[in-house]
$ cat upload27.tsv   # TSV, C-alpha atoms
chain	number	residue	atom	x	y	z
A	171	MET	CA	-18.57	6.64	-9.03
A	172	LYS	CA	-21.32	5.33	-11.25
A	173	GLN	CA	-21.44	3.20	-14.38
A	174	ILE	CA	-20.41	5.04	-17.49
A	175	ASN	CA	-23.12	6.63	-19.56
A	176	SER	CA	-21.18	7.41	-22.71
A	177	ARG	CA	-23.40	10.32	-23.78
A	178	GLU	CA	-22.89	12.10	-20.43
A	179	VAL	CA	-19.15	11.41	-20.41
A	180	GLN	CA	-18.86	12.68	-23.98
A	181	GLU	CA	-20.46	15.99	-22.93
A	182	VAL	CA	-17.99	16.43	-20.06
A	183	LEU	CA	-15.05	15.51	-22.29
A	184	GLU	CA	-16.11	18.16	-24.78
A	185	GLY	CA	-15.97	20.75	-22.02
A	186	PHE	CA	-12.21	20.15	-21.87
A	187	THR	CA	-11.51	20.42	-25.59
A	188	GLY	CA	-9.34	23.31	-26.65
A	189	LYS	CA	-8.04	23.61	-23.09
A	190	GLU	CA	-4.72	22.92	-21.43
A	191	VAL	CA	-5.42	20.31	-18.75
A	192	PHE	CA	-3.63	18.04	-16.28
A	193	LEU	CA	-3.83	14.33	-16.95
A	194	HIS	CA	-3.57	11.33	-14.66
A	195	LEU	CA	-3.34	8.11	-16.64
A	196	GLU	CA	-2.73	4.75	-15.05
A	197	THR	CA	-2.94	1.06	-15.65
A	198	THR	CA	-2.00	-1.69	-13.22
A	199	ASN	CA	-2.49	-5.35	-12.44
A	200	GLY	CA	-0.94	-4.91	-9.00
A	201	ALA	CA	2.53	-5.52	-7.60
A	202	TYR	CA	1.48	-8.93	-6.30
A	203	ALA	CA	0.99	-10.22	-9.85
A	204	ALA	CA	4.78	-10.67	-9.74
A	205	GLN	CA	4.17	-13.69	-7.47
A	206	ASP	CA	2.32	-15.52	-10.19
A	207	LYS	CA	4.59	-17.32	-12.62
A	208	GLU	CA	1.94	-17.13	-15.35
A	209	LYS	CA	1.79	-13.36	-15.05
A	210	ARG	CA	4.04	-10.47	-14.20
A	211	ALA	CA	3.37	-7.12	-12.58
A	212	VAL	CA	2.58	-4.73	-15.40
A	213	GLY	CA	1.59	-1.13	-15.05
A	214	ALA	CA	2.39	2.47	-15.73
A	215	TYR	CA	1.21	5.80	-14.47
A	216	ILE	CA	1.71	9.41	-15.29
A	217	ARG	CA	0.46	12.08	-12.94
A	218	ASN	CA	-0.01	15.71	-13.92
A	219	ALA	CA	1.05	15.52	-17.53
A	220	LYS	CA	0.08	18.81	-19.16
A	221	ILE	CA	-1.75	18.35	-22.43
A	222	THR	CA	-3.95	20.40	-24.68
A	223	ILE	CA	-6.96	18.41	-25.86
A	224	LEU	CA	-7.95	19.02	-29.48
A	225	ASN	CA	-10.58	16.33	-29.69
A	226	ALA	CA	-11.95	13.87	-27.14
A	227	MET	CA	-14.13	10.83	-27.71
A	228	ILE	CA	-15.57	7.89	-25.82
A	229	LYS	CA	-16.41	4.73	-27.75
A	230	GLY	CA	-17.67	1.22	-27.12
A	231	ASN	CA	-20.65	-0.38	-25.40
A	232	GLY	CA	-18.95	-1.06	-22.08
A	233	PRO	CA	-16.24	-1.42	-21.08
A	234	PHE	CA	-15.49	1.80	-22.91
A	235	ARG	CA	-12.50	3.33	-24.67
A	236	ILE	CA	-11.45	6.96	-24.62
A	237	GLY	CA	-9.09	8.67	-27.05
A	238	LEU	CA	-7.81	12.20	-26.64
A	239	LYS	CA	-6.20	13.86	-29.62
A	240	THR	CA	-3.75	16.39	-28.23
A	241	ASN	CA	-1.67	19.19	-29.69
A	242	ASP	CA	1.37	16.89	-29.80
A	243	GLY	CA	-0.03	13.37	-29.98
A	244	TRP	CA	-2.58	11.01	-28.42
A	245	VAL	CA	-3.82	9.67	-25.12
A	246	TYR	CA	-5.68	6.34	-25.06
A	247	ALA	CA	-7.32	4.18	-22.42
A	248	GLU	CA	-9.53	1.09	-22.58
A	249	GLY	CA	-11.41	-1.07	-20.12
A	250	LEU	CA	-13.22	1.93	-18.60
A	251	THR	CA	-16.35	1.17	-16.58
A	252	ASP	CA	-17.14	3.91	-14.04
A	253	TRP	CA	-16.98	7.68	-13.78
A	254	GLU	CA	-17.74	10.81	-11.80
A	255	VAL	CA	-17.12	14.53	-11.84
A	256	ASP	CA	-15.77	15.16	-8.34
A	257	VAL	CA	-16.25	18.16	-6.05
A	258	LYS	CA	-13.26	19.86	-7.65
A	259	ASP	CA	-14.83	19.53	-11.14
A	260	ARG	CA	-12.29	16.90	-12.16
A	261	LEU	CA	-13.37	14.14	-14.51
A	262	LEU	CA	-12.45	10.81	-12.92
A	263	ILE	CA	-12.87	7.70	-15.04
A	264	ALA	CA	-11.84	4.22	-13.93
A	265	GLY	CA	-11.98	0.66	-15.12
A	266	HIS	CA	-12.73	-1.81	-12.33
A	267	ASP	CA	-12.34	-5.55	-12.64
A	268	ALA	CA	-14.93	-8.10	-11.50
A	269	GLU	CA	-13.71	-7.81	-7.88
A	270	GLY	CA	-13.99	-4.01	-7.94
A	271	LYS	CA	-10.24	-3.50	-8.14
A	272	LEU	CA	-8.98	-0.61	-10.18
A	273	ALA	CA	-7.24	-1.72	-13.36
A	274	VAL	CA	-7.11	1.50	-15.36
A	275	ALA	CA	-7.75	5.18	-14.66
A	276	LEU	CA	-7.96	8.27	-16.83
A	277	GLN	CA	-8.52	11.59	-15.07
A	278	ILE	CA	-8.63	15.15	-16.38
A	279	SER	CA	-8.43	18.35	-14.37
A	280	ILE	CA	-7.95	22.05	-15.03
A	281	THR	CA	-5.80	22.28	-11.86
A	282	PRO	CA	-2.96	19.90	-10.96
A	283	PHE	CA	-3.79	16.70	-9.05
A	284	LYS	CA	-2.37	16.72	-5.52
B	1289	MET	CA	10.84	-7.67	27.47
B	1290	GLU	CA	10.99	-4.82	24.99
B	1291	LYS	CA	11.37	-1.17	25.91
B	1292	HIS	CA	9.95	0.30	22.73
B	1293	VAL	CA	8.91	-1.32	19.44
B	1294	LEU	CA	9.25	0.51	16.11
B	1295	VAL	CA	7.52	-0.88	13.03
B	1296	VAL	CA	8.45	0.55	9.62
B	1297	PHE	CA	6.35	-0.43	6.57
B	1298	PRO	CA	5.40	1.45	3.42
B	1299	HIS	CA	1.62	1.01	3.28
B	1300	PRO	CA	-1.32	1.37	5.63
B	1301	ASP	CA	-2.45	-2.27	6.23
B	1302	ASP	CA	1.03	-3.84	5.89
B	1303	GLU	CA	1.16	-3.81	9.69
B	1304	ALA	CA	-2.29	-5.31	10.17
B	1305	PHE	CA	-1.56	-8.52	8.28
B	1306	SER	CA	1.88	-9.26	9.62
B	1307	THR	CA	2.57	-7.61	12.97
B	1308	ALA	CA	-0.75	-6.47	14.45
B	1309	GLY	CA	-0.71	-9.31	16.97
B	1310	LEU	CA	2.80	-8.51	18.18
B	1311	MET	CA	1.94	-4.83	18.41
B	1312	ILE	CA	-1.28	-5.48	20.35
B	1313	GLN	CA	0.51	-7.85	22.76
B	1314	HIS	CA	3.06	-5.12	23.47
B	1315	THR	CA	0.63	-2.21	23.88
B	1316	ASN	CA	-1.40	-4.49	26.19
B	1317	GLN	CA	1.66	-4.62	28.47
B	1318	GLY	CA	2.08	-0.87	28.34
B	1319	ILE	CA	5.12	-1.06	26.05
B	1320	PRO	CA	5.12	1.84	23.60
B	1321	VAL	CA	4.82	0.95	19.92
B	1322	THR	CA	5.56	3.38	17.10
B	1323	TYR	CA	4.30	2.74	13.59
B	1324	ALA	CA	6.18	4.65	10.88
B	1325	CYS	CA	4.22	4.31	7.66
B	1326	ALA	CA	6.10	5.63	4.66
B	1327	THR	CA	3.19	6.28	2.25
B	1328	LEU	CA	-0.59	6.47	2.30
B	1329	GLY	CA	-0.97	3.68	-0.27
B	1330	GLU	CA	-2.23	6.31	-2.69
B	1331	MET	CA	-1.91	3.95	-5.67
B	1332	GLY	CA	-3.72	0.96	-4.19
B	1333	ARG	CA	-5.86	-1.11	-6.52
B	1334	ASN	CA	-8.41	-2.04	-3.88
B	1335	MET	CA	-11.16	0.54	-3.70
B	1336	GLY	CA	-13.48	-1.36	-1.36
B	1337	ASN	CA	-15.62	-4.36	-2.17
B	1338	PRO	CA	-17.98	-3.15	-3.57
B	1339	PHE	CA	-15.79	-0.18	-4.40
B	1340	PHE	CA	-16.46	3.16	-2.72
B	1341	ALA	CA	-13.12	4.98	-3.13
B	1342	THR	CA	-11.63	6.73	-6.15
B	1343	ARG	CA	-7.98	7.28	-6.99
B	1344	GLU	CA	-8.38	10.82	-5.61
B	1345	THR	CA	-10.30	10.03	-2.40
B	1346	LEU	CA	-8.19	6.97	-1.52
B	1347	PRO	CA	-5.35	8.82	0.30
B	1348	GLU	CA	-7.66	10.52	2.82
B	1349	ILE	CA	-9.70	7.34	3.26
B	1350	ARG	CA	-6.57	5.29	3.95
B	1351	LYS	CA	-5.21	7.92	6.33
B	1352	LYS	CA	-8.36	7.62	8.42
B	1353	GLU	CA	-8.30	3.81	8.21
B	1354	LEU	CA	-4.69	3.85	9.39
B	1355	ARG	CA	-5.57	6.04	12.38
B	1356	ASP	CA	-8.51	3.78	13.22
B	1357	ALA	CA	-6.34	0.65	12.97
B	1358	CYS	CA	-3.74	2.22	15.28
B	1359	ALA	CA	-6.48	3.02	17.78
B	1360	VAL	CA	-7.56	-0.65	17.70
B	1361	MET	CA	-3.96	-1.78	18.25
B	1362	GLY	CA	-3.37	0.68	21.11
B	1363	ILE	CA	-0.71	2.52	19.11
B	1364	ARG	CA	-0.42	6.13	20.21
B	1365	ASP	CA	2.58	7.07	18.11
B	1366	LEU	CA	1.79	6.94	14.39
B	1367	ARG	CA	4.22	8.62	12.01
B	1368	MET	CA	3.11	9.20	8.45
B	1369	LEU	CA	6.37	9.80	6.64
B	1370	GLY	CA	4.78	11.49	3.63
B	1371	PHE	CA	6.33	9.60	0.73
B	1372	ARG	CA	4.23	8.54	-2.25
B	1373	ASP	CA	3.11	4.99	-2.95
B	1374	LYS	CA	5.12	3.11	-5.60
B	1375	THR	CA	7.91	5.72	-5.61
B	1376	LEU	CA	10.13	4.62	-2.70
B	1377	GLU	CA	12.71	2.82	-4.83
B	1378	PHE	CA	13.06	5.95	-6.98
B	1379	GLU	CA	13.28	8.39	-4.07
B	1380	ASN	CA	16.52	9.90	-2.94
B	1381	GLN	CA	17.70	6.93	-0.82
B	1382	GLU	CA	19.66	9.18	1.54
B	1383	LEU	CA	16.46	11.09	2.29
B	1384	LEU	CA	14.57	7.86	2.95
B	1385	ILE	CA	17.30	6.52	5.24
B	1386	LYS	CA	17.59	9.86	7.06
B	1387	THR	CA	13.82	10.11	7.57
B	1388	ILE	CA	13.65	6.62	9.07
B	1389	GLY	CA	16.89	7.23	11.00
B	1390	GLU	CA	15.37	10.26	12.67
B	1391	VAL	CA	12.41	8.22	13.92
B	1392	ILE	CA	14.85	5.60	15.28
B	1393	ASP	CA	16.94	8.30	17.01
B	1394	GLU	CA	13.91	9.86	18.59
B	1395	THR	CA	12.14	6.69	19.75
B	1396	ASN	CA	15.27	4.72	20.68
B	1397	PRO	CA	13.58	1.35	20.12
B	1398	SER	CA	14.79	-1.97	21.51
B	1399	LEU	CA	13.16	-3.75	18.55
B	1400	VAL	CA	12.69	-2.61	14.94
B	1401	ILE	CA	10.48	-4.50	12.47
B	1402	THR	CA	10.46	-4.02	8.69
B	1403	HIS	CA	10.19	-6.00	5.44
B	1404	TYR	CA	13.13	-8.23	4.53
B	1405	PRO	CA	14.84	-6.37	1.66
B	1406	GLY	CA	14.90	-8.47	-1.50
B	1407	TYR	CA	12.01	-10.65	-0.32
B	1408	GLY	CA	9.22	-8.09	-0.29
B	1409	ILE	CA	7.52	-8.77	-3.67
B	1410	HIS	CA	6.24	-5.17	-3.77
B	1411	PRO	CA	9.10	-2.79	-4.71
B	1412	ASP	CA	8.05	-0.41	-1.92
B	1413	HIS	CA	8.49	-3.23	0.62
B	1414	ASP	CA	12.02	-3.87	-0.62
B	1415	ALA	CA	12.96	-0.19	-0.70
B	1416	CYS	CA	11.52	0.61	2.71
B	1417	GLY	CA	13.09	-2.52	4.22
B	1418	ALA	CA	16.49	-1.73	2.69
B	1419	ALA	CA	16.39	1.86	3.98
B	1420	THR	CA	15.41	0.69	7.45
B	1421	VAL	CA	18.19	-1.93	7.50
B	1422	GLN	CA	20.65	0.77	6.45
B	1423	ALA	CA	19.38	3.22	9.09
B	1424	VAL	CA	19.89	0.55	11.77
B	1425	ARG	CA	23.31	-0.39	10.36
B	1426	LEU	CA	24.45	3.21	10.89
B	1427	ILE	CA	23.93	2.81	14.65
B	1428	PRO	CA	27.09	1.65	16.47
B	1429	GLU	CA	26.88	-2.12	16.97
B	1430	GLU	CA	26.68	-2.02	20.76
B	1431	LYS	CA	23.69	0.32	20.63
B	1432	ARG	CA	21.82	-1.33	17.76
B	1433	PRO	CA	18.26	-2.48	18.41
B	1434	LYS	CA	17.21	-5.97	17.42
B	1435	LEU	CA	15.98	-6.03	13.83
B	1436	TYR	CA	13.18	-8.41	12.81
B	1437	CYS	CA	12.70	-8.64	9.07
B	1438	LEU	CA	9.64	-9.95	7.31
B	1439	PRO	CA	10.09	-11.70	3.96
B	1440	ILE	CA	6.88	-12.40	2.08
B	1441	THR	CA	8.01	-14.29	-1.00
B	1442	ARG	CA	6.62	-17.82	-1.28
B	1443	ASP	CA	10.10	-19.36	-1.28
B	1444	ARG	CA	11.25	-17.51	1.84
B	1445	GLU	CA	11.88	-20.61	3.94
B	1446	GLU	CA	13.75	-22.37	1.15
B	1447	VAL	CA	16.11	-19.41	0.82
B	1448	LEU	CA	16.34	-18.00	4.35
B	1449	GLY	CA	15.60	-21.12	6.39
B	1450	GLU	CA	13.05	-21.42	9.16
B	1451	PRO	CA	11.92	-18.19	10.83
B	1452	ASP	CA	13.98	-17.17	13.87
B	1453	VAL	CA	10.95	-15.91	15.74
B	1454	ARG	CA	7.45	-17.40	15.84
B	1455	ILE	CA	4.86	-15.55	17.89
B	1456	ASP	CA	1.51	-17.07	18.75
B	1457	VAL	CA	-0.98	-14.22	18.61
B	1458	SER	CA	-4.15	-16.29	18.93
B	1459	ASP	CA	-4.83	-14.58	22.29
B	1460	VAL	CA	-5.35	-11.26	20.49
B	1461	ILE	CA	-6.73	-12.56	17.17
B	1462	ASP	CA	-10.07	-10.78	17.64
B	1463	ARG	CA	-8.36	-7.42	17.85
B	1464	LYS	CA	-6.06	-8.27	14.98
B	1465	ILE	CA	-9.16	-8.93	12.87
B	1466	GLU	CA	-10.58	-5.59	14.09
B	1467	ALA	CA	-7.37	-3.89	12.93
B	1468	LEU	CA	-7.68	-5.55	9.53
B	1469	LYS	CA	-11.30	-4.46	9.40
B	1470	ALA	CA	-10.28	-0.86	10.07
B	1471	HIS	CA	-8.49	-0.91	6.70
B	1472	ARG	CA	-11.89	-1.36	5.09
B	1473	SER	CA	-11.03	-0.16	1.58
B	1474	GLN	CA	-8.31	-2.80	1.35
B	1475	THR	CA	-9.63	-5.73	3.33
B	1476	GLU	CA	-13.41	-5.81	3.08
B	1477	GLY	CA	-13.62	-8.90	0.90
B	1478	MET	CA	-11.03	-10.78	2.92
B	1479	VAL	CA	-12.54	-9.85	6.28
B	1480	ARG	CA	-15.88	-11.33	5.20
B	1481	LYS	CA	-14.10	-14.61	4.54
B	1482	ILE	CA	-12.16	-14.44	7.83
B	1483	GLU	CA	-15.28	-13.74	9.87
B	1484	SER	CA	-17.14	-16.61	8.23
B	1485	GLU	CA	-14.38	-18.96	9.41
B	1486	VAL	CA	-14.06	-17.76	13.03
B	1487	GLY	CA	-14.20	-20.78	15.33
B	1488	ASN	CA	-13.09	-23.21	12.64
B	1489	PRO	CA	-9.81	-24.80	13.82
B	1490	ASN	CA	-8.95	-25.87	10.26
B	1491	SER	CA	-9.29	-22.41	8.77
B	1492	GLU	CA	-6.16	-21.79	6.73
B	1493	ILE	CA	-6.48	-18.01	6.85
B	1494	LEU	CA	-7.13	-17.92	10.63
B	1495	ASN	CA	-4.17	-20.19	11.31
B	1496	TRP	CA	-2.01	-17.95	9.14
B	1497	LEU	CA	-3.17	-14.83	11.00
B	1498	SER	CA	-2.67	-16.49	14.42
B	1499	GLN	CA	1.06	-16.80	14.01
B	1500	GLU	CA	3.53	-14.04	13.20
B	1501	VAL	CA	6.99	-14.98	12.00
B	1502	PHE	CA	10.18	-12.98	11.62
B	1503	TRP	CA	13.78	-13.46	10.62
B	1504	ILE	CA	16.42	-11.70	12.72
B	1505	TYR	CA	18.61	-9.60	10.46
B	1506	ASN	CA	22.22	-10.59	10.93
B	1507	PHE	CA	24.53	-7.69	10.13
B	1508	ASN	CA	27.63	-9.75	10.87
B	1509	SER	CA	26.96	-12.58	8.45
B	1510	GLU	CA	26.26	-10.01	5.79
B	1511	ASP	CA	29.59	-8.33	6.55
B	1512	ASN	CA	31.28	-11.71	6.20
B	1513	GLU	CA	29.64	-12.34	2.86
B	1514	GLY	CA	30.30	-8.81	1.68
$ encode --input "upload27.tsv" --output "structure tokens"
Amino acid sequence: MKQINSREVQEVLEGFTGKEVFLHLETTNGAYAAQDKEKRAVGAYIRNAKITILNAMIKGNGPFRIGLKTNDGWVYAEGLTDWEVDVKDRLLIAGHDAEGKLAVALQISITPFK
Amino acid sequence: MEKHVLVVFPHPDDEAFSTAGLMIQHTNQGIPVTYACATLGEMGRNMGNPFFATRETLPEIRKKELRDACAVMGIRDLRMLGFRDKTLEFENQELLIKTIGEVIDETNPSLVITHYPGYGIHPDHDACGAATVQAVRLIPEEKRPKLYCLPITRDREEVLGEPDVRIDVSDVIDRKIEALKAHRSQTEGMVRKIESEVGNPNSEILNWLSQEVFWIYNFNSEDNEG
């Protein structure tokens, strides 16, 4: 993965507009956060949700935000820092914290994620 | 002396932190050790430090790390049970118990090690521990292997009392660190700290790694309470 260049990511996002795609969306602060009385473990993920993207945009100056307007609603993620298009042409976008731990992920693929 | 040791944890690297020393001591004596690992830790947050894995490459990376760690520990029988990280508590519990039960039937261990259900912090630890306890409970009492459970909550000693078993693994600490190192995507930052403290008798982390502690699961007292 490399640091997000919003212009490049925007181009890739636009390649998915008007298409039915599979979505992986995730946020987590880790199960061990439950140990800390000041915090609690918070997170959610959805893998292989089928959506049709009507409009996709990346915003911000880093960390970035992405919003996907879909046929039935919206998808939103913030705190995004790094990205790549992998060998299977999937768009993988992640937000890593200062220690390099993944805190948020938004991924789009034409074929289902394994 | 054990005949066969079976360790059941949900994530690659769970074994390295808590039972690698015990496992290495046993394989050193030629005693077979089986590691049944329920998931590939597909949803781990650690991606390396600095990060090199992605959510999609992490499963294959961790599978290789797990194999490498088993090689370091002398473990020839690694079972990857094929469940998905963070889903164990939502799985069909009968399927989970049956899958673990089949490994127990086949390996016929004299000692089984798993997380202490209810004291695992991570929901996968609790679910995997509970399924393993149940799989052992289904074995007739006279044939049951010993069951060591590992609680990891901070208040474990206040609630469960002192550990029943304390094993000094300082004789194999170098290989335990090698096993931790094999799980590079998960341990890189920590291993740097550990290695910088090698030789320091006051190192908190080295002292923690040099001793492995377990609580013997008591089926009878539970029956009494139940």
$ atom_distance --input "upload27.tsv" --atom1 "CA of Gly1408 (chain B)" --atom2 "CA of Ile1440 (chain B)"
5.4 Å
$ atom_distance --input "upload27.tsv" --atom1 "CA of Val255 (chain A)" --atom2 "CA of Glu196 (chain A)"
17.7 Å
$ residues_around --input "upload27.tsv" --residues "Pro233 (chain A)" --least-positions-apart "2" --cutoff "7 Å" --atoms "all atoms listed in the file" --output "short mmCIF file (atom, residue, chain, number, x, y, z; two decimals) with C-alpha atoms, in the frame of the given file"
data_model
loop_
_atom_site.label_atom_id
_atom_site.label_comp_id
_atom_site.auth_asym_id
_atom_site.auth_seq_id
_atom_site.Cartn_x
_atom_site.Cartn_y
_atom_site.Cartn_z
CA GLY A 230 -17.67 1.22 -27.12
CA ASN A 231 -20.65 -0.38 -25.40
CA GLY A 249 -11.41 -1.07 -20.12
CA LEU A 250 -13.22 1.93 -18.60
CA THR A 251 -16.35 1.17 -16.58
#
$ interface_residues --input "upload27.tsv" --of "chain B" --to "chain A" --cutoff "12 Å" --atoms "only C-alpha atoms" --output "ChimeraX atom specification"
/B:1330-1348,1372-1375,1407-1414,1440-1443,1473-1478
$ residues_around --input "upload27.tsv" --residues "region 175-185 of chain A" --least-positions-apart "4" --cutoff "7 Å" --atoms "all atoms listed in the file" --output "PyMOL selection string"
chain A and resi 226-228
$ build_atoms --input "upload27.tsv" --residues "region 1410-1428 of chain B" --atoms "N, CA and C atoms" --output "PDB file, in the coordinates of the input"
ATOM      1  N   HIS B1410       6.559  -6.539  -3.355  1.00  0.00           N
ATOM      2  CA  HIS B1410       6.240  -5.170  -3.770  1.00  0.00           C
ATOM      3  C   HIS B1410       7.521  -4.328  -3.684  1.00  0.00           C
ATOM      4  N   PRO B1411       7.864  -3.586  -4.748  1.00  0.00           N
ATOM      5  CA  PRO B1411       9.100  -2.790  -4.710  1.00  0.00           C
ATOM      6  C   PRO B1411       9.177  -1.808  -3.541  1.00  0.00           C
ATOM      7  N   ASP B1412       8.036  -1.288  -3.097  1.00  0.00           N
ATOM      8  CA  ASP B1412       8.050  -0.410  -1.920  1.00  0.00           C
ATOM      9  C   ASP B1412       8.492  -1.162  -0.661  1.00  0.00           C
ATOM     10  N   HIS B1413       8.081  -2.434  -0.545  1.00  0.00           N
ATOM     11  CA  HIS B1413       8.490  -3.230   0.620  1.00  0.00           C
ATOM     12  C   HIS B1413      10.013  -3.378   0.635  1.00  0.00           C
ATOM     13  N   ASP B1414      10.566  -3.688  -0.532  1.00  0.00           N
ATOM     14  CA  ASP B1414      12.020  -3.870  -0.620  1.00  0.00           C
ATOM     15  C   ASP B1414      12.762  -2.578  -0.319  1.00  0.00           C
ATOM     16  N   ALA B1415      12.268  -1.466  -0.881  1.00  0.00           N
ATOM     17  CA  ALA B1415      12.960  -0.190  -0.700  1.00  0.00           C
ATOM     18  C   ALA B1415      12.873   0.295   0.738  1.00  0.00           C
ATOM     19  N   CYS B1416      11.711   0.150   1.333  1.00  0.00           N
ATOM     20  CA  CYS B1416      11.520   0.610   2.710  1.00  0.00           C
ATOM     21  C   CYS B1416      12.320  -0.279   3.660  1.00  0.00           C
ATOM     22  N   GLY B1417      12.314  -1.596   3.394  1.00  0.00           N
ATOM     23  CA  GLY B1417      13.090  -2.520   4.220  1.00  0.00           C
ATOM     24  C   GLY B1417      14.589  -2.226   4.111  1.00  0.00           C
ATOM     25  N   ALA B1418      15.057  -1.997   2.888  1.00  0.00           N
ATOM     26  CA  ALA B1418      16.490  -1.730   2.690  1.00  0.00           C
ATOM     27  C   ALA B1418      16.904  -0.437   3.395  1.00  0.00           C
ATOM     28  N   ALA B1419      16.063   0.583   3.326  1.00  0.00           N
ATOM     29  CA  ALA B1419      16.390   1.860   3.980  1.00  0.00           C
ATOM     30  C   ALA B1419      16.403   1.704   5.494  1.00  0.00           C
ATOM     31  N   THR B1420      15.466   0.903   5.999  1.00  0.00           N
ATOM     32  CA  THR B1420      15.410   0.690   7.450  1.00  0.00           C
ATOM     33  C   THR B1420      16.634  -0.102   7.922  1.00  0.00           C
ATOM     34  N   VAL B1421      16.987  -1.145   7.167  1.00  0.00           N
ATOM     35  CA  VAL B1421      18.190  -1.930   7.500  1.00  0.00           C
ATOM     36  C   VAL B1421      19.405  -0.987   7.520  1.00  0.00           C
ATOM     37  N   GLN B1422      19.496  -0.131   6.526  1.00  0.00           N
ATOM     38  CA  GLN B1422      20.650   0.770   6.450  1.00  0.00           C
ATOM     39  C   GLN B1422      20.646   1.763   7.623  1.00  0.00           C
ATOM     40  N   ALA B1423      19.468   2.273   7.960  1.00  0.00           N
ATOM     41  CA  ALA B1423      19.380   3.220   9.090  1.00  0.00           C
ATOM     42  C   ALA B1423      19.829   2.549  10.384  1.00  0.00           C
ATOM     43  N   VAL B1424      19.477   1.262  10.547  1.00  0.00           N
ATOM     44  CA  VAL B1424      19.890   0.550  11.770  1.00  0.00           C
ATOM     45  C   VAL B1424      21.394   0.249  11.714  1.00  0.00           C
ATOM     46  N   ARG B1425      21.887  -0.074  10.523  1.00  0.00           N
ATOM     47  CA  ARG B1425      23.310  -0.390  10.360  1.00  0.00           C
ATOM     48  C   ARG B1425      24.192   0.798  10.779  1.00  0.00           C
ATOM     49  N   LEU B1426      23.667   2.014  10.581  1.00  0.00           N
ATOM     50  CA  LEU B1426      24.450   3.210  10.890  1.00  0.00           C
ATOM     51  C   LEU B1426      24.616   3.432  12.401  1.00  0.00           C
ATOM     52  N   ILE B1427      23.822   2.700  13.189  1.00  0.00           N
ATOM     53  CA  ILE B1427      23.930   2.810  14.650  1.00  0.00           C
ATOM     54  C   ILE B1427      25.113   1.943  15.103  1.00  0.00           C
ATOM     55  N   PRO B1428      25.957   2.470  15.988  1.00  0.00           N
ATOM     56  CA  PRO B1428      27.090   1.650  16.470  1.00  0.00           C
ATOM     57  C   PRO B1428      26.585   0.307  17.011  1.00  0.00           C
TER      58      PRO B1428
END
